[in-house]
>>> print(open('work33.cif').read())   # mmCIF, C-alpha atoms and all ligand atoms
data_protein
#
loop_
_atom_site.label_atom_id
_atom_site.label_comp_id
_atom_site.auth_asym_id
_atom_site.auth_seq_id
_atom_site.Cartn_x
_atom_site.Cartn_y
_atom_site.Cartn_z
CA MET A 1 108.22 79.31 57.19
CA PRO A 2 105.66 81.03 59.45
CA LYS A 3 106.81 81.61 63.02
CA THR A 4 104.08 79.46 64.56
CA ALA A 5 104.95 76.43 62.39
CA GLU A 6 108.65 76.67 63.19
CA LYS A 7 108.21 76.89 66.94
CA GLY A 8 108.97 73.65 68.74
CA ARG A 9 109.24 71.47 65.65
CA THR A 10 112.82 72.14 64.57
CA PRO A 11 115.91 72.14 66.77
CA GLN A 12 116.39 75.53 68.39
CA ARG A 13 119.24 77.22 70.22
CA LEU A 14 119.31 76.20 73.85
CA ASP A 15 119.39 79.78 75.17
CA LYS A 16 116.30 80.53 73.07
CA ILE A 17 114.41 77.52 74.44
CA LEU A 18 115.26 78.46 78.01
CA ALA A 19 114.29 82.10 77.51
CA SER A 20 110.95 81.14 75.93
CA GLN A 21 110.00 78.79 78.76
CA THR A 22 111.24 80.68 81.81
CA ASP A 23 111.49 84.28 82.92
CA LEU A 24 115.21 84.33 82.04
CA SER A 25 116.52 86.62 79.32
CA ARG A 26 118.58 85.08 76.51
CA SER A 27 121.82 86.37 78.08
CA GLN A 28 120.86 85.05 81.54
CA ALA A 29 120.04 81.68 79.96
CA ALA A 30 123.40 81.70 78.15
CA ALA A 31 125.20 82.42 81.43
CA LEU A 32 123.41 79.51 83.10
CA ILE A 33 124.46 77.19 80.28
CA ARG A 34 128.08 78.38 80.38
CA THR A 35 128.30 77.70 84.10
CA GLY A 36 127.23 74.07 83.55
CA ARG A 37 123.83 74.25 85.26
CA VAL A 38 121.87 72.90 82.28
CA LEU A 39 121.71 69.25 81.18
CA VAL A 40 120.39 68.08 77.80
CA ASP A 41 119.55 64.38 77.62
CA GLY A 42 121.75 63.76 80.64
CA LYS A 43 124.81 65.61 79.31
CA ARG A 44 126.03 68.95 80.57
CA ALA A 45 125.37 71.66 77.96
CA ARG A 46 128.36 73.91 77.26
CA SER A 47 127.25 76.52 74.79
CA ALA A 48 124.20 78.69 74.28
CA ASP A 49 124.08 78.02 70.55
CA GLN A 50 123.89 74.26 71.05
CA LYS A 51 120.71 73.01 69.31
CA ALA A 52 118.00 70.87 70.87
CA ASP A 53 114.53 69.76 69.84
CA PRO A 54 112.35 71.23 72.60
CA ASP A 55 109.59 68.68 71.96
CA ARG A 56 111.88 65.71 72.57
CA ALA A 57 115.00 66.71 74.46
CA GLU A 58 115.10 66.25 78.23
CA ILE A 59 116.32 69.58 79.53
CA VAL A 60 117.15 69.95 83.21
CA ILE A 61 118.04 73.25 84.92
CA ASP A 62 119.63 73.04 88.36
CA GLY A 63 118.15 69.56 88.76
CA GLN A 64 114.63 70.68 87.74
CA PRO A 65 113.23 69.20 84.49
CA LEU A 66 111.96 71.86 82.10
CA ARG A 67 108.40 71.14 81.02
CA TYR A 68 108.22 72.41 77.47
CA GLU A 69 104.94 74.06 76.60
CA LYS A 70 104.72 75.08 73.01
CA TYR A 71 101.96 77.62 73.63
CA VAL A 72 100.50 79.14 76.74
CA TYR A 73 97.03 80.51 77.47
CA TYR A 74 96.13 82.95 80.23
CA MET A 75 92.91 84.32 81.62
CA LEU A 76 93.11 87.94 82.80
CA ASN A 77 90.49 89.85 84.76
CA LYS A 78 91.11 93.11 82.95
CA PRO A 79 90.75 96.24 85.04
CA ALA A 80 89.55 99.56 83.60
CA GLY A 81 92.29 101.93 82.43
CA VAL A 82 94.53 99.27 80.86
CA LEU A 83 95.08 99.01 77.10
CA SER A 84 94.37 95.77 75.20
CA ALA A 85 97.71 95.92 73.42
CA SER A 86 101.15 94.36 73.68
CA ARG A 87 103.16 97.51 74.42
CA ASP A 88 102.55 101.18 74.88
CA PRO A 89 105.21 103.78 75.66
CA ASP A 90 103.02 105.68 78.11
CA ARG A 91 100.20 103.52 79.39
CA PRO A 92 99.95 100.10 81.07
CA THR A 93 98.88 97.22 78.82
CA VAL A 94 97.30 93.84 79.42
CA VAL A 95 100.56 92.18 78.35
CA ASP A 96 102.44 94.18 81.03
CA LEU A 97 99.95 92.85 83.60
CA VAL A 98 100.30 89.20 82.56
CA GLU A 99 104.11 89.41 82.37
CA ALA A 100 104.10 90.91 85.87
CA GLY A 101 101.89 87.97 86.93
CA GLY A 102 104.46 85.43 85.68
CA GLY A 103 103.40 85.11 82.02
CA ARG A 104 106.12 84.46 79.51
CA LYS A 105 107.27 86.78 76.72
CA GLY A 106 105.61 86.94 73.31
CA LEU A 107 101.99 86.99 74.50
CA PHE A 108 99.25 89.01 72.84
CA PRO A 109 95.60 89.60 73.69
CA VAL A 110 92.95 87.49 71.97
CA GLY A 111 90.86 90.34 70.58
CA ARG A 112 90.47 93.64 72.34
CA LEU A 113 88.42 95.15 75.11
CA ASP A 114 88.07 98.93 75.29
CA ARG A 115 90.24 100.70 77.81
CA ASP A 116 87.28 101.22 80.16
CA THR A 117 85.88 97.67 79.71
CA THR A 118 86.63 95.14 82.45
CA GLY A 119 86.52 91.36 82.72
CA LEU A 120 87.55 88.26 80.84
CA LEU A 121 90.43 88.64 78.40
CA LEU A 122 92.55 85.78 77.08
CA LEU A 123 96.23 86.13 76.23
CA THR A 124 98.30 83.62 74.33
CA ASP A 125 101.20 83.15 71.93
CA ASP A 126 99.14 80.75 69.77
CA GLY A 127 98.01 82.65 66.68
CA ASP A 128 95.75 79.88 65.37
CA PHE A 129 93.88 79.65 68.67
CA ALA A 130 93.42 83.44 68.79
CA HIS A 131 92.11 83.46 65.23
CA ARG A 132 89.58 80.72 66.01
CA VAL A 133 88.29 82.54 69.09
CA ILE A 134 87.94 85.87 67.29
CA SER A 135 86.54 84.71 63.96
CA PRO A 136 82.75 85.10 63.67
CA LYS A 137 82.85 81.91 61.55
CA SER A 138 83.66 79.90 64.71
CA GLY A 139 80.38 81.06 66.28
CA ILE A 140 82.03 81.42 69.70
CA GLU A 141 79.80 83.52 71.95
CA LYS A 142 81.14 86.40 73.99
CA ILE A 143 78.89 87.43 76.88
CA TYR A 144 78.92 90.94 78.34
CA HIS A 145 77.19 92.64 81.23
CA ALA A 146 76.30 96.21 80.35
CA ARG A 147 75.14 98.88 82.81
CA LEU A 148 72.78 101.17 80.89
CA ASP A 149 71.41 104.68 81.21
CA GLY A 150 67.85 103.78 80.21
CA ARG A 151 65.17 101.09 80.03
CA VAL A 152 65.48 97.92 77.93
CA THR A 153 62.29 97.36 75.93
CA PRO A 154 60.94 94.22 74.20
CA ASP A 155 61.46 96.06 70.90
CA MET A 156 65.19 96.41 71.64
CA ILE A 157 65.44 92.70 72.45
CA GLN A 158 63.75 91.97 69.14
CA ARG A 159 66.09 94.30 67.21
CA PHE A 160 69.19 92.72 68.76
CA ALA A 161 67.82 89.25 67.90
CA GLU A 162 67.32 90.27 64.27
CA GLY A 163 70.78 91.83 64.01
CA VAL A 164 71.30 95.55 64.56
CA THR A 165 72.69 97.76 61.79
CA LEU A 166 75.22 100.19 63.27
CA ALA A 167 75.04 103.94 62.62
CA ASP A 168 77.65 103.69 59.86
CA GLY A 169 75.64 100.99 58.04
CA THR A 170 77.67 98.00 59.33
CA PRO A 171 75.36 95.01 59.87
CA CYS A 172 75.78 92.93 63.04
CA LEU A 173 74.94 89.27 63.44
CA PRO A 174 71.91 88.42 65.60
CA ALA A 175 72.68 88.98 69.28
CA GLY A 176 71.03 87.94 72.53
CA LEU A 177 69.84 90.66 74.90
CA ARG A 178 68.21 90.09 78.26
CA LEU A 179 67.51 92.24 81.24
CA LEU A 180 69.22 91.20 84.48
CA GLU A 181 68.32 94.14 86.75
CA GLU A 182 65.73 96.89 86.37
CA GLY A 183 65.95 100.34 87.96
CA ASP A 184 67.56 103.69 87.23
CA ALA A 185 70.70 102.03 85.89
CA PRO A 186 69.53 98.72 84.40
CA LEU A 187 71.92 95.82 83.91
CA ALA A 188 71.63 93.79 80.71
CA GLU A 189 73.37 90.70 79.39
CA VAL A 190 74.41 90.69 75.74
CA ALA A 191 75.62 87.67 73.73
CA VAL A 192 77.51 88.33 70.49
CA GLN A 193 79.52 86.10 68.16
CA GLU A 194 81.78 88.76 66.71
CA GLY A 195 83.96 91.59 67.96
CA LYS A 196 83.55 94.73 65.93
CA TYR A 197 85.14 97.93 67.23
CA HIS A 198 83.11 99.25 70.23
CA GLN A 199 80.41 96.82 69.13
CA ILE A 200 78.29 96.61 72.29
CA LYS A 201 78.35 100.36 72.92
CA ARG A 202 77.47 101.06 69.28
CA MET A 203 74.64 98.47 69.27
CA PHE A 204 73.08 100.10 72.32
CA GLY A 205 73.67 103.52 70.74
CA VAL A 206 71.50 102.49 67.79
CA VAL A 207 68.56 101.75 70.11
CA GLY A 208 69.11 104.99 72.05
CA LEU A 209 70.88 103.71 75.18
CA GLY A 210 74.28 104.62 76.61
CA VAL A 211 76.57 102.05 78.25
CA THR A 212 78.00 103.36 81.51
CA ALA A 213 80.00 100.23 82.39
CA LEU A 214 80.86 97.10 80.44
CA GLN A 215 82.26 93.79 81.66
CA ARG A 216 82.91 90.60 79.67
CA ILE A 217 82.04 87.55 81.70
CA ARG A 218 82.24 84.61 79.30
CA ILE A 219 83.94 83.44 76.08
CA GLY A 220 82.49 80.24 74.61
CA GLY A 221 81.97 77.99 77.64
CA LEU A 222 84.67 79.68 79.74
CA VAL A 223 83.38 81.91 82.53
CA LEU A 224 85.52 84.58 84.19
CA ASP A 225 86.97 83.07 87.38
CA LYS A 226 85.29 84.90 90.27
CA GLY A 227 88.38 84.25 92.37
CA LEU A 228 90.52 86.45 90.12
CA VAL A 229 90.62 90.02 91.36
CA GLU A 230 90.82 92.76 88.75
CA GLY A 231 94.34 92.88 87.34
CA ALA A 232 95.12 89.25 88.23
CA CYS A 233 95.71 86.44 85.73
CA ARG A 234 96.28 82.69 85.71
CA PRO A 235 97.04 80.01 83.11
CA LEU A 236 94.09 78.15 81.61
CA THR A 237 93.83 74.43 82.23
CA GLN A 238 93.56 72.10 79.20
CA ALA A 239 89.86 71.64 79.98
CA GLU A 240 89.31 75.41 80.08
CA LYS A 241 91.05 75.82 76.75
CA GLY A 242 88.55 73.34 75.32
CA LEU A 243 85.67 75.27 76.91
CA VAL A 244 86.72 78.48 75.14
CA LEU A 245 86.37 76.77 71.76
CA ARG A 246 82.92 75.40 72.57
CA ALA A 247 80.81 77.40 70.17
CA LYS A 248 77.15 77.04 70.89
CA GLN A 249 75.58 77.87 74.24
CA ALA A 250 71.92 77.94 75.18
CA LYS A 251 70.40 81.26 74.10
CA PRO A 252 69.24 83.72 76.77
CA LYS A 253 65.56 82.92 77.50
CA ASN A 254 64.02 86.17 76.25
CA ALA A 255 66.32 86.59 73.22
CA GLU A 256 64.02 84.69 70.82
N1 LIG A 301 82.05 96.09 72.80
C1 LIG A 301 82.41 97.33 73.22
O1 LIG A 301 81.72 98.29 72.94
N2 LIG A 301 83.53 97.44 73.96
C2 LIG A 301 84.29 96.41 74.32
O2 LIG A 301 85.28 96.59 75.01
C3 LIG A 301 83.91 95.13 73.88
C4 LIG A 301 82.79 94.99 73.13
#
>>> encode(input="work33.cif", output="structure tokens")
Amino acid sequence: MPKTAEKGRTPQRLDKILASQTDLSRSQAAALIRTGRVLVDGKRARSADQKADPDRAEIVIDGQPLRYEKYVYYMLNKPAGVLSASRDPDRPTVVDLVEAGGGRKGLFPVGRLDRDTTGLLLLTDDGDFAHRVISPKSGIEKIYHARLDGRVTPDMIQRFAEGVTLADGTPCLPAGLRLLEEGDAPLAEVAVQEGKYHQIKRMFGVVGLGVTALQRIRIGGLVLDKGLVEGACRPLTQAEKGLVLRAKQAKPKNAE
């Protein structure tokens, strides 16, 4: 049975439930159970391998009811210099950041941002959700702000709207491009519905522009929380989770 289907639907060991829902390790959870601090359906639990259905059982730790959440969803304001990966022996990862910010174990990033890219990154332990967000078939827009080393022309906007072909021949879906700031280092907004490797940088490369800084500011209808400083994270609300999955947004005005 796949891991995601098993989770929360069949009785699980009590130490495992506690470890998945709190910041306790399995052995710390087992110690808590042994010392009689955990109640299951009103009865004192005695052993870590006692089974409970986490969806139904009323579990209380030191008088505090445990609210079982099958999956969790976090928004991270990713800083530059951090890898979009679960673990790395040498370098800090986005999962390290979210765990340090109180996130539970077993999280992974929903897609990847380059090491030097900043902004909105989602982390979850819900594989189906992640797949829906990433899949181009869902049509969920990802919006980026790109600082560029040259001028954006109407021809470039047209080429993005038609779908750029990358240097290696890979075709991209139509994308929105609009200029936000002119000047020596123009700022442009790009809307894409897919997440190919280095996609934004490679799309601009095809039209002769370099990206000097890249930030993701929106996924679907969910905008990066301006109150989150770089490196900080917070859980999504139910409403925000729904916003992520909202596929179609109004197109940028000059993308037609
Ligand atoms: N496109 C890129 O080039 N880099 C990212 O990090 C995300 C999209």
>>> residues_near_ligand(input="work33.cif", ligand="ligand LIG 301 (chain A)", cutoff="6 Å", atoms="all atoms listed in the file", output="VMD selection string")
chain A and resid 113 to 114 117 198 to 201
>>> closest_residue(input="work33.cif", among="A:Lys70, A:Arg234, A:Arg202, A:Lys51", to="Leu122 (chain A)", atoms="only C-alpha atoms")
A:Arg234
>>> atom_distance(input="work33.cif", atom1="CA of Gly169 (chain A)", atom2="CA of Val192 (chain A)")
17.9 Å
>>> residues_around(input="work33.cif", residues="region 238-241 of chain A", least_positions_apart="6", cutoff="12 Å", atoms="only C-alpha atoms", output="JSON, numbers by chain")
{"A": [69, 71, 72, 73, 74, 75, 122, 123, 124, 126, 129, 130, 132, 133, 218, 219, 220, 221, 222, 223, 224, 225]}
>>> atom_distance(input="work33.cif", atom1="CA of Lys78 (chain A)", atom2="CA of Thr118 (chain A)")
4.9 Å
>>> atom_distance(input="work33.cif", atom1="CA of Arg26 (chain A)", atom2="CA of Arg56 (chain A)")
20.9 Å
>>> closest_residue(input="work33.cif", among="A:Gly176, A:Gly103, A:Gly163, A:Pro186", to="Arg147 (chain A)", atoms="only C-alpha atoms")
A:Pro186
>>> closest_residue(input="work33.cif", among="A:Leu173, A:Thr153, A:Leu148, A:Leu166", to="Leu187 (chain A)", atoms="all atoms listed in the file")
A:Leu148
>>> closest_residue(input="work33.cif", among="A:Leu76, A:Cys233, A:Ala85, A:Leu14", to="Leu121 (chain A)", atoms="all atoms listed in the file")
A:Leu76
>>> residues_around(input="work33.cif", residues="Val190 (chain A)", least_positions_apart="4", cutoff="10 Å", atoms="all atoms listed in the file", output="MDAnalysis selection string")
chainID A and resid 141:146 157 160 175:179 200 216 252 255
>>> write_last_selection(input="work33.cif", atoms="C-alpha atoms", output="PDB file, keeping the file's coordinate frame")
ATOM      1  CA  GLU A 141      79.800  83.520  71.950  1.00  0.00           C
ATOM      2  CA  LYS A 142      81.140  86.400  73.990  1.00  0.00           C
ATOM      3  CA  ILE A 143      78.890  87.430  76.880  1.00  0.00           C
ATOM      4  CA  TYR A 144      78.920  90.940  78.340  1.00  0.00           C
ATOM      5  CA  HIS A 145      77.190  92.640  81.230  1.00  0.00           C
ATOM      6  CA  ALA A 146      76.300  96.210  80.350  1.00  0.00           C
ATOM      7  CA  ILE A 157      65.440  92.700  72.450  1.00  0.00           C
ATOM      8  CA  PHE A 160      69.190  92.720  68.760  1.00  0.00           C
ATOM      9  CA  ALA A 175      72.680  88.980  69.280  1.00  0.00           C
ATOM     10  CA  GLY A 176      71.030  87.940  72.530  1.00  0.00           C
ATOM     11  CA  LEU A 177      69.840  90.660  74.900  1.00  0.00           C
ATOM     12  CA  ARG A 178      68.210  90.090  78.260  1.00  0.00           C
ATOM     13  CA  LEU A 179      67.510  92.240  81.240  1.00  0.00           C
ATOM     14  CA  ILE A 200      78.290  96.610  72.290  1.00  0.00           C
ATOM     15  CA  ARG A 216      82.910  90.600  79.670  1.00  0.00           C
ATOM     16  CA  PRO A 252      69.240  83.720  76.770  1.00  0.00           C
ATOM     17  CA  ALA A 255      66.320  86.590  73.220  1.00  0.00           C
TER      18      ALA A 255
END
>>> residues_around(input="work33.cif", residues="Val207 (chain A)", least_positions_apart="5", cutoff="9 Å", atoms="all atoms listed in the file", output="PyMOL selection string")
chain A and resi 156+159+164+202
>>> closest_residue(input="work33.cif", among="A:Leu39, A:Val94, A:Ala48, A:Ile61", to="Gln21 (chain A)", atoms="all atoms listed in the file")
A:Ile61
